[in-house]
Structure formats: C-alpha cells, structure tokens
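Read through the structure below, which is laid out as structure tokens, and then see the notes.
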Amino acid sequence: MNYNFDNTVNRTNTSCIKWDFLNAFFGEKELHAMWVADMDFKTPPEILRPIEERAAHGVFGYTAKSDDFYTAVISWFKKRYDWDIKKDWIVTTPGVVPALNLAMREFTEKGDGVIIQSPVYFPFKDSVELNNRKLLDNSLLLRNGRYEIDWSDLEKKAESAKMFLFCSPHNPVSRVWTVQELEQLGDLCNKHDLLVFSDEIHADIIFKPHKHIPTAEINNTLANRTIAAYATSKTFNLAGLQLSVNIIPNDTVRERFKLTLERLHLTMSNIFGIVGTQAAYEHGEQWLDELLIYLWQNYIRVKNYLRDNIPEITVIEPEGTYLLWLDCRKLEMSDEELAAFFVQKAGLALTNGIMFGPGGGGFMRMNIGCPQSSIIKGLESIKKAMADDSPLLVGAGPSNAPDDC
Ligand SMILES: Cc1ncc(COP(=O)(O)O)c(C=O)c1O
C-alpha cells in the first residue's frame with residue numbers, strides 16, 4: 001500500500017458541514033460524525049500538488065478548460081468504465097444536483113410526472129417538488145437482503161411520466177445495477193419516451209465483483225435519452241470544488257442542455273475545480289484502488305462488529321458507495337426514537353433513513369469514508385448506547401440534514 005488511510009485529519013473549524021454544523025442539524029455539538037457524504041481522508045498528493053501550485057501562482061482570472069482536461073476525462077472513462085466517450089459529449093456543471101435541476105426545468109413542464117426510486121438521495125424528491133413537478137415514486141423492493149426494482153410498478157408509473165431520475169450506483173441502498181437491469185430499464189424508458197437523468201456520481205466506488213455500467217452506454221435505448229452525471233467529488237473528496245462532468249451523447253438533448261447553461265451563464269468553472277478534476281482523472285487511479293480496499297475492510301469491520309456485539313442491527317452488503325445502509329428495524333423504535341437514540345445515547349451523527357423517503361423507515365445511513373479508528377469509535381458508541389436504558393427525549397432537537405448532503 002502506498003497510501004495511509006489510517007491518518008486522521010481534524011476537520012473542525014474548516015466550515016465543513018459534517019463536523020462544524022452538527023449543532024444546526026442535530027441540536028448537539030459533541031457528536032461523532034458519520035453522516036454527510038464526503039470522506040474524512042485528505043485528497044491524494046497527486047491532486048493536492050497541482051492545486052497548491054495553481055494557488056501559489058497567485059492570479060485567478062477567468063479560466064477555460066484545456067484540451068488536456070477533456071483528454072483526462074475521456075481516458076478515465078475508457079480505463080475505469082470501458083466506455084468510449086467523445087469530447088463533444090462532455091458538459092460541465094457546478095455539481096450534479098444543479099445539473100439535475102437544470103435538466104428537469106429544461107425538459108419537463110410544471111405538473112409533469114418525474115419518477116424516483118425511494119429510498120433515494122433526498123435532493124431527488126426535493127428537486128421534483130421545488131420545481132412543481134409531480135412526484136412518482138417507484139419504491140425499491142428489499143428481497144433477501146438486496147434491493148430490486150419493482151418493474152410492474154415502474155411500468156405503471158412510466159405511463160404518466162416525462163422523466164426518470166436514476167441513481168447508479170444507488171445512494172443509500174448501495175446497489176450497482178447490472179447490465180440486465182439497465183437493458184430492461186432502457187426498453188421501458190424507450191417505450192414511454194422518458195428522459196433519463198442518471199446520477200452516476202458514485203460510479204468509481206464499486207466493490208468487486210460488481211462493475212459500473214454507464215447508463216448511456218446502453219445503445220438504442222438509453223444512449224439517446226440519457227444525461228449522465230459524473231464527478232470526482234465523491235471519489236477523491238473534492239466536493240467543495242464544485243465541478244461535475246455530464247455526459248450527453250444525443251446531440252439534440254445536449255444542445256438544449258447547453259443552452260440552459262448558457263442562458264444562466266454557468267458554462268465556466270471554478271479554477272480549482274478544473275485543476276483538481278483533471279489531476280484526479282490523470283493521476284488518481286492508484287489511490288482509488290487502495291481506497292476501495294480500505295473501504296471494503298471498513299465495511300467488514302462494521303459487519304463483524306455488529307454481528308458480534310449488536311445483532312439487533314444488520315448491514316445491507318454494499319455493492320458500491322461508501323455509505324452503509326443499517327437495518328435497525330429489530331430495535332423496534334419509531335423513526336423519531338431511532339434518531340434520538342443515535343444522537344442522545346450514542347453521541348453519533350448518522351443520516352436518518354426516513355429522510356430518503358418511503359422504505360427508509362427503520363434504517364440509518366452510516367458513512368464509512370473515514371479512518372478505521374473513526375469506525376471503531378462509532379461502533380463502540382452504539383454498543384454503549386444499547387446498554388443505556390435511560391429514557392429518550394424524543395423530538396428534542398432538529399434531526400434533519402442539509403439540503404444536498
Ligand atoms: C447520489 C448523489 N448525487 C449527488 C450528490 C451531490 O452532488 P453535487 O455535490 O455534485 O451536487 C450526492 C452527494 O451526496 C449523491 O450522493
């Protein structure tokens with residue numbers, strides 16, 4: 001191993017949401033934070049160095065993306081997903097959620113149906129509602145410890161929908177969709193002429209033997225109707241740099257999407273977003289391969305610890321993402337009690353499963369993108385909480401999460 005993921009970095013007083021805004025979101029300052037979907041690791045030196053060099057240059061004028069930027073994106077997609085993309089297909093935005101909202105506003109009208117698959121990353125639902133579209137929830141089914149698409153319900157919902165918001169890999173249930181599932185989805189979206197926004201921000205965090213299949217690679221059906229959103233933000237912990245890479249193979253869809261960006265003058269990017277993204281795609285591979293091994297070990301640590309010490313809580317085996325989906329239903333608590341239990345008794349900030357919509361009740365999301373010492377601390381705090389039979393103050397403080405974390 002070339003990189004040491006055991007190093008801890010003190011993130012307090014850096015304006016980071018995960019550690020500095022606990023009080024605002026949990027009504028408690030002294031919590032151990034395993035919630036917001038970023039990692040506690042430093043970005044690798046191969047990315048840090050170019051950013052530092054660019055900062056040391058000292059002039060931060062208007063900046064465009066060079067050919068090298070696009071070459072870096074293209075070769076990463078070839079190497080990591082075996083997908084040949086063209087330079088023209090690449091459109092950058094200041095994040096995935098902004099891209100999702102722009103697409104929804106451009107390609108649908110008020111009142112149009114938009115499908116999501118709960119439990120899912122909560123800005124999906126928020127985007128549909130904030131844009132006054134009609135929410136059509138095709139909830140996922142949990143069968144034998146693994147989430148699946150409810151195809152017959154999807155077929156029904158698709159009849160009155162214009163757009164489908166797909167999460168691939170899926171946050172929070174950590175599914176990596178198979179080629180068979182994507183092909184079936186493609187036939188369905190094609191039949192009902194749906195525009196697909198495929199959020200693939202977690203595409204690099206995949207555990208073997210699973211493999212990320214780009215949605216827009218599914219020819220004849222999805223390639224022509226998909227806006228696929230990628231980024232280095234999750235993979236290399238660069239979320240604060242705010243740059244995402246959207247791949248849009250269809251000329252008409254892409255031109256319309258670009259026009260909305262131009263109207264809002266959003267085509268330029270932050271200088272450090274450009275430098276960081278390019279460096280990550282050019283030089284980040286080795287670090288990522290080691291990160292994936294470390295994250296898997298973190299998962300095993302959580303699974304074994306729960307099995308041996310807290311059998312009332314189990315974990316859904318992740319196929320991708322660094323977000324674990326903890327099944328706490330055997331604790332037989334209401335969602336309010338569950339939230340209060342983790343904050344008050346464990347001193348632990350997790351994301352409440354219910355925030356991800358129907359099907360999230362009784363679950364909690366735990367972020368394992370952190371050193372193992374942090375994992376152990378989190379697990380020990382849950383064990384301690386299980387032995388504490390003092391009464392809970394249900395509904396005592398805010399237990400919501402920031403808009404898009
Ligand atoms: C599925 C998914 N999409 C998008 C985002 C955020 O994307 P961005 O910060 O680029 O808007 C997250 C962050 O947690 C996420 O999990």
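Chain lettering (A, B, ...) mirrors the order of the structure tokens, residue numbering begins at 1 for each chain separately, and ligand numbering begins at 1 in order of display.
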Within 8 Å of stretch 183-193 of chain A, which residues of stretch 129-168 of chain A come that close, and what is the closest atom pair and distance in Å for each? Count only C-alpha atoms and give it as a Markdown table.
| residue | atom | partner | partner_atom | distance |
| --- | --- | --- | --- | --- |
| A:Glu155 | CA | A:Leu188 | CA | 7.0 |
| A:Ala158 | CA | A:His192 | CA | 6.2 |
| A:Glu159 | CA | A:His192 | CA | 6.4 |
| A:Ala161 | CA | A:His192 | CA | 7.9 |
| A:Lys162 | CA | A:Asp193 | CA | 7.3 |
Kindly compile the residues surrounding ligand 1 within 8 Å, counting only C-alpha atoms and all ligand atoms, and format them as a PyMOL selection string.
chain A and resi 36-38+94-99+120-121+123+167-172+199-202+231+233-234+239-240+242-244+404-405
Show me, as number ranges by chain, the residues that have an atom within 6 Å of stretch 41-51 of chain A when counting only C-alpha atoms, minus same-chain residues fewer than 6 positions from it.
A: 236-237, 276, 279-280
Test item: residues at most 9 Å from A:Lys377, only C-alpha atoms, excluding those fewer than 5 positions along its chain, as a PyMOL selection string:
chain A and resi 32+372+382
Could the residues in this selection be saved with N, CA and C atoms as a CSV table (one decimal), in the first residue's frame?
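What ended up in selection11.csv:
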chain,number,residue,atom,x,y,z
A,32,HIS,N,-20.0,12.3,17.2
A,32,HIS,CA,-19.1,11.7,16.3
A,32,HIS,C,-19.8,11.6,14.9
A,372,GLN,N,-10.1,3.8,10.1
A,372,GLN,CA,-10.8,2.7,10.9
A,372,GLN,C,-10.9,3.1,12.4
A,382,ILE,N,-22.3,2.9,19.7
A,382,ILE,CA,-23.6,2.3,19.5
A,382,ILE,C,-23.7,1.2,20.6
Determine which residues of stretch 288-380 of chain A DSSP labels as helix (DSSP H, G or I) from the backbone of this structure, then write them out as a PDB file with N, CA and C atoms, in the first residue's frame.
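Output file states_36.pdb follows:
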ATOM      1  N   LEU A 288      -7.181   5.474  -5.718  1.00  0.00           N
ATOM      2  CA  LEU A 288      -8.552   4.954  -5.708  1.00  0.00           C
ATOM      3  C   LEU A 288      -8.557   3.443  -5.489  1.00  0.00           C
ATOM      4  N   ASP A 289      -7.662   2.740  -6.151  1.00  0.00           N
ATOM      5  CA  ASP A 289      -7.635   1.281  -5.983  1.00  0.00           C
ATOM      6  C   ASP A 289      -7.363   0.907  -4.520  1.00  0.00           C
ATOM      7  N   GLU A 290      -6.483   1.672  -3.884  1.00  0.00           N
ATOM      8  CA  GLU A 290      -6.187   1.383  -2.470  1.00  0.00           C
ATOM      9  C   GLU A 290      -7.347   1.816  -1.572  1.00  0.00           C
ATOM     10  N   LEU A 291      -7.974   2.925  -1.931  1.00  0.00           N
ATOM     11  CA  LEU A 291      -9.142   3.388  -1.158  1.00  0.00           C
ATOM     12  C   LEU A 291     -10.231   2.309  -1.145  1.00  0.00           C
ATOM     13  N   LEU A 292     -10.454   1.689  -2.305  1.00  0.00           N
ATOM     14  CA  LEU A 292     -11.526   0.692  -2.398  1.00  0.00           C
ATOM     15  C   LEU A 292     -11.262  -0.496  -1.475  1.00  0.00           C
ATOM     16  N   ILE A 293      -9.989  -0.871  -1.362  1.00  0.00           N
ATOM     17  CA  ILE A 293      -9.633  -1.974  -0.453  1.00  0.00           C
ATOM     18  C   ILE A 293      -9.914  -1.539   0.995  1.00  0.00           C
ATOM     19  N   TYR A 294      -9.531  -0.327   1.305  1.00  0.00           N
ATOM     20  CA  TYR A 294      -9.709   0.179   2.677  1.00  0.00           C
ATOM     21  C   TYR A 294     -11.199   0.273   3.031  1.00  0.00           C
ATOM     22  N   LEU A 295     -11.987   0.778   2.081  1.00  0.00           N
ATOM     23  CA  LEU A 295     -13.425   0.924   2.353  1.00  0.00           C
ATOM     24  C   LEU A 295     -14.079  -0.439   2.574  1.00  0.00           C
ATOM     25  N   TRP A 296     -13.645  -1.414   1.783  1.00  0.00           N
ATOM     26  CA  TRP A 296     -14.220  -2.752   1.946  1.00  0.00           C
ATOM     27  C   TRP A 296     -13.872  -3.302   3.339  1.00  0.00           C
ATOM     28  N   GLN A 297     -12.632  -3.048   3.764  1.00  0.00           N
ATOM     29  CA  GLN A 297     -12.239  -3.508   5.115  1.00  0.00           C
ATOM     30  C   GLN A 297     -13.093  -2.798   6.174  1.00  0.00           C
ATOM     31  N   ASN A 298     -13.379  -1.539   5.952  1.00  0.00           N
ATOM     32  CA  ASN A 298     -14.244  -0.814   6.897  1.00  0.00           C
ATOM     33  C   ASN A 298     -15.632  -1.457   6.962  1.00  0.00           C
ATOM     34  N   TYR A 299     -16.134  -1.830   5.793  1.00  0.00           N
ATOM     35  CA  TYR A 299     -17.448  -2.497   5.779  1.00  0.00           C
ATOM     36  C   TYR A 299     -17.402  -3.801   6.580  1.00  0.00           C
ATOM     37  N   ILE A 300     -16.354  -4.599   6.338  1.00  0.00           N
ATOM     38  CA  ILE A 300     -16.229  -5.889   7.035  1.00  0.00           C
ATOM     39  C   ILE A 300     -16.142  -5.662   8.546  1.00  0.00           C
ATOM     40  N   ARG A 301     -15.408  -4.598   8.910  1.00  0.00           N
ATOM     41  CA  ARG A 301     -15.266  -4.273  10.334  1.00  0.00           C
ATOM     42  C   ARG A 301     -16.649  -3.980  10.938  1.00  0.00           C
ATOM     43  N   VAL A 302     -17.442  -3.194  10.233  1.00  0.00           N
ATOM     44  CA  VAL A 302     -18.783  -2.850  10.733  1.00  0.00           C
ATOM     45  C   VAL A 302     -19.646  -4.110  10.815  1.00  0.00           C
ATOM     46  N   LYS A 303     -19.615  -4.887   9.746  1.00  0.00           N
ATOM     47  CA  LYS A 303     -20.464  -6.088   9.695  1.00  0.00           C
ATOM     48  C   LYS A 303     -20.131  -7.041  10.845  1.00  0.00           C
ATOM     49  N   ASN A 304     -18.838  -7.298  11.036  1.00  0.00           N
ATOM     50  CA  ASN A 304     -18.431  -8.245  12.075  1.00  0.00           C
ATOM     51  C   ASN A 304     -18.728  -7.711  13.474  1.00  0.00           C
ATOM     52  N   TYR A 305     -18.488  -6.425  13.648  1.00  0.00           N
ATOM     53  CA  TYR A 305     -18.720  -5.845  14.967  1.00  0.00           C
ATOM     54  C   TYR A 305     -20.208  -5.934  15.322  1.00  0.00           C
ATOM     55  N   LEU A 306     -21.047  -5.602  14.360  1.00  0.00           N
ATOM     56  CA  LEU A 306     -22.491  -5.660  14.625  1.00  0.00           C
ATOM     57  C   LEU A 306     -22.901  -7.110  14.923  1.00  0.00           C
ATOM     58  N   ARG A 307     -22.401  -8.033  14.117  1.00  0.00           N
ATOM     59  CA  ARG A 307     -22.747  -9.456  14.326  1.00  0.00           C
ATOM     60  C   ARG A 307     -22.358  -9.913  15.737  1.00  0.00           C
ATOM     61  N   ASP A 308     -21.166  -9.499  16.171  1.00  0.00           N
ATOM     62  CA  ASP A 308     -20.660  -9.990  17.453  1.00  0.00           C
ATOM     63  C   ASP A 308     -21.203  -9.221  18.656  1.00  0.00           C
ATOM     64  N   ASN A 309     -21.555  -7.956  18.456  1.00  0.00           N
ATOM     65  CA  ASN A 309     -21.902  -7.118  19.615  1.00  0.00           C
ATOM     66  C   ASN A 309     -23.312  -6.539  19.599  1.00  0.00           C
ATOM     67  N   ARG A 329     -34.438  -2.166  12.156  1.00  0.00           N
ATOM     68  CA  ARG A 329     -35.863  -2.413  12.428  1.00  0.00           C
ATOM     69  C   ARG A 329     -36.081  -3.303  13.644  1.00  0.00           C
ATOM     70  N   LYS A 330     -35.079  -4.169  13.931  1.00  0.00           N
ATOM     71  CA  LYS A 330     -35.256  -5.060  15.095  1.00  0.00           C
ATOM     72  C   LYS A 330     -35.200  -4.300  16.412  1.00  0.00           C
ATOM     73  N   LEU A 331     -34.732  -3.049  16.377  1.00  0.00           N
ATOM     74  CA  LEU A 331     -34.729  -2.261  17.617  1.00  0.00           C
ATOM     75  C   LEU A 331     -36.154  -1.863  18.006  1.00  0.00           C
ATOM     76  N   ASP A 335     -39.235   6.134  13.995  1.00  0.00           N
ATOM     77  CA  ASP A 335     -38.116   6.874  13.374  1.00  0.00           C
ATOM     78  C   ASP A 335     -37.641   8.010  14.263  1.00  0.00           C
ATOM     79  N   GLU A 336     -38.558   8.612  14.977  1.00  0.00           N
ATOM     80  CA  GLU A 336     -38.153   9.682  15.912  1.00  0.00           C
ATOM     81  C   GLU A 336     -37.303   9.114  17.049  1.00  0.00           C
ATOM     82  N   GLU A 337     -37.720   7.957  17.536  1.00  0.00           N
ATOM     83  CA  GLU A 337     -36.953   7.324  18.626  1.00  0.00           C
ATOM     84  C   GLU A 337     -35.558   6.913  18.144  1.00  0.00           C
ATOM     85  N   LEU A 338     -35.527   6.393  16.928  1.00  0.00           N
ATOM     86  CA  LEU A 338     -34.254   5.952  16.369  1.00  0.00           C
ATOM     87  C   LEU A 338     -33.291   7.135  16.242  1.00  0.00           C
ATOM     88  N   ALA A 339     -33.798   8.244  15.722  1.00  0.00           N
ATOM     89  CA  ALA A 339     -32.960   9.443  15.569  1.00  0.00           C
ATOM     90  C   ALA A 339     -32.453   9.892  16.935  1.00  0.00           C
ATOM     91  N   ALA A 340     -33.361   9.912  17.903  1.00  0.00           N
ATOM     92  CA  ALA A 340     -32.991  10.362  19.251  1.00  0.00           C
ATOM     93  C   ALA A 340     -31.989   9.397  19.885  1.00  0.00           C
ATOM     94  N   PHE A 341     -32.185   8.103  19.649  1.00  0.00           N
ATOM     95  CA  PHE A 341     -31.294   7.086  20.222  1.00  0.00           C
ATOM     96  C   PHE A 341     -29.839   7.329  19.785  1.00  0.00           C
ATOM     97  N   PHE A 342     -29.638   7.521  18.478  1.00  0.00           N
ATOM     98  CA  PHE A 342     -28.261   7.676  17.994  1.00  0.00           C
ATOM     99  C   PHE A 342     -27.637   8.983  18.475  1.00  0.00           C
ATOM    100  N   VAL A 343     -28.427  10.051  18.523  1.00  0.00           N
ATOM    101  CA  VAL A 343     -27.863  11.341  18.952  1.00  0.00           C
ATOM    102  C   VAL A 343     -27.654  11.350  20.464  1.00  0.00           C
ATOM    103  N   GLN A 344     -28.700  11.032  21.209  1.00  0.00           N
ATOM    104  CA  GLN A 344     -28.631  11.201  22.669  1.00  0.00           C
ATOM    105  C   GLN A 344     -27.833  10.109  23.369  1.00  0.00           C
ATOM    106  N   LYS A 345     -28.030   8.875  22.953  1.00  0.00           N
ATOM    107  CA  LYS A 345     -27.375   7.788  23.696  1.00  0.00           C
ATOM    108  C   LYS A 345     -26.026   7.396  23.106  1.00  0.00           C
ATOM    109  N   GLY A 353     -32.658   7.212   8.059  1.00  0.00           N
ATOM    110  CA  GLY A 353     -33.124   6.537   6.849  1.00  0.00           C
ATOM    111  C   GLY A 353     -34.413   7.130   6.297  1.00  0.00           C
ATOM    112  N   ILE A 354     -35.274   7.574   7.165  1.00  0.00           N
ATOM    113  CA  ILE A 354     -36.586   8.066   6.740  1.00  0.00           C
ATOM    114  C   ILE A 354     -36.454   9.291   5.825  1.00  0.00           C
ATOM    115  N   MET A 355     -35.312   9.981   5.923  1.00  0.00           N
ATOM    116  CA  MET A 355     -35.102  11.149   5.048  1.00  0.00           C
ATOM    117  C   MET A 355     -35.048  10.762   3.576  1.00  0.00           C
ATOM    118  N   PHE A 356     -34.757   9.488   3.309  1.00  0.00           N
ATOM    119  CA  PHE A 356     -34.623   9.053   1.926  1.00  0.00           C
ATOM    120  C   PHE A 356     -35.962   8.601   1.331  1.00  0.00           C
ATOM    121  N   GLN A 372     -10.149   3.806  10.142  1.00  0.00           N
ATOM    122  CA  GLN A 372     -10.762   2.732  10.932  1.00  0.00           C
ATOM    123  C   GLN A 372     -10.949   3.141  12.391  1.00  0.00           C
ATOM    124  N   SER A 373     -10.095   4.038  12.901  1.00  0.00           N
ATOM    125  CA  SER A 373     -10.267   4.469  14.296  1.00  0.00           C
ATOM    126  C   SER A 373     -11.633   5.149  14.463  1.00  0.00           C
ATOM    127  N   SER A 374     -12.060   5.849  13.436  1.00  0.00           N
ATOM    128  CA  SER A 374     -13.351   6.530  13.484  1.00  0.00           C
ATOM    129  C   SER A 374     -14.508   5.513  13.437  1.00  0.00           C
ATOM    130  N   ILE A 375     -14.307   4.463  12.626  1.00  0.00           N
ATOM    131  CA  ILE A 375     -15.311   3.395  12.538  1.00  0.00           C
ATOM    132  C   ILE A 375     -15.473   2.745  13.914  1.00  0.00           C
ATOM    133  N   ILE A 376     -14.338   2.431  14.531  1.00  0.00           N
ATOM    134  CA  ILE A 376     -14.374   1.740  15.831  1.00  0.00           C
ATOM    135  C   ILE A 376     -15.065   2.628  16.865  1.00  0.00           C
ATOM    136  N   LYS A 377     -14.716   3.911  16.848  1.00  0.00           N
ATOM    137  CA  LYS A 377     -15.341   4.824  17.804  1.00  0.00           C
ATOM    138  C   LYS A 377     -16.868   4.852  17.614  1.00  0.00           C
ATOM    139  N   GLY A 378     -17.296   4.915  16.368  1.00  0.00           N
ATOM    140  CA  GLY A 378     -18.738   4.938  16.079  1.00  0.00           C
ATOM    141  C   GLY A 378     -19.424   3.673  16.569  1.00  0.00           C
ATOM    142  N   LEU A 379     -18.793   2.517  16.286  1.00  0.00           N
ATOM    143  CA  LEU A 379     -19.414   1.242  16.670  1.00  0.00           C
ATOM    144  C   LEU A 379     -19.464   1.085  18.190  1.00  0.00           C
ATOM    145  N   GLU A 380     -18.378   1.478  18.846  1.00  0.00           N
ATOM    146  CA  GLU A 380     -18.362   1.345  20.311  1.00  0.00           C
ATOM    147  C   GLU A 380     -19.416   2.243  20.942  1.00  0.00           C
TER     148      GLU A 380
END
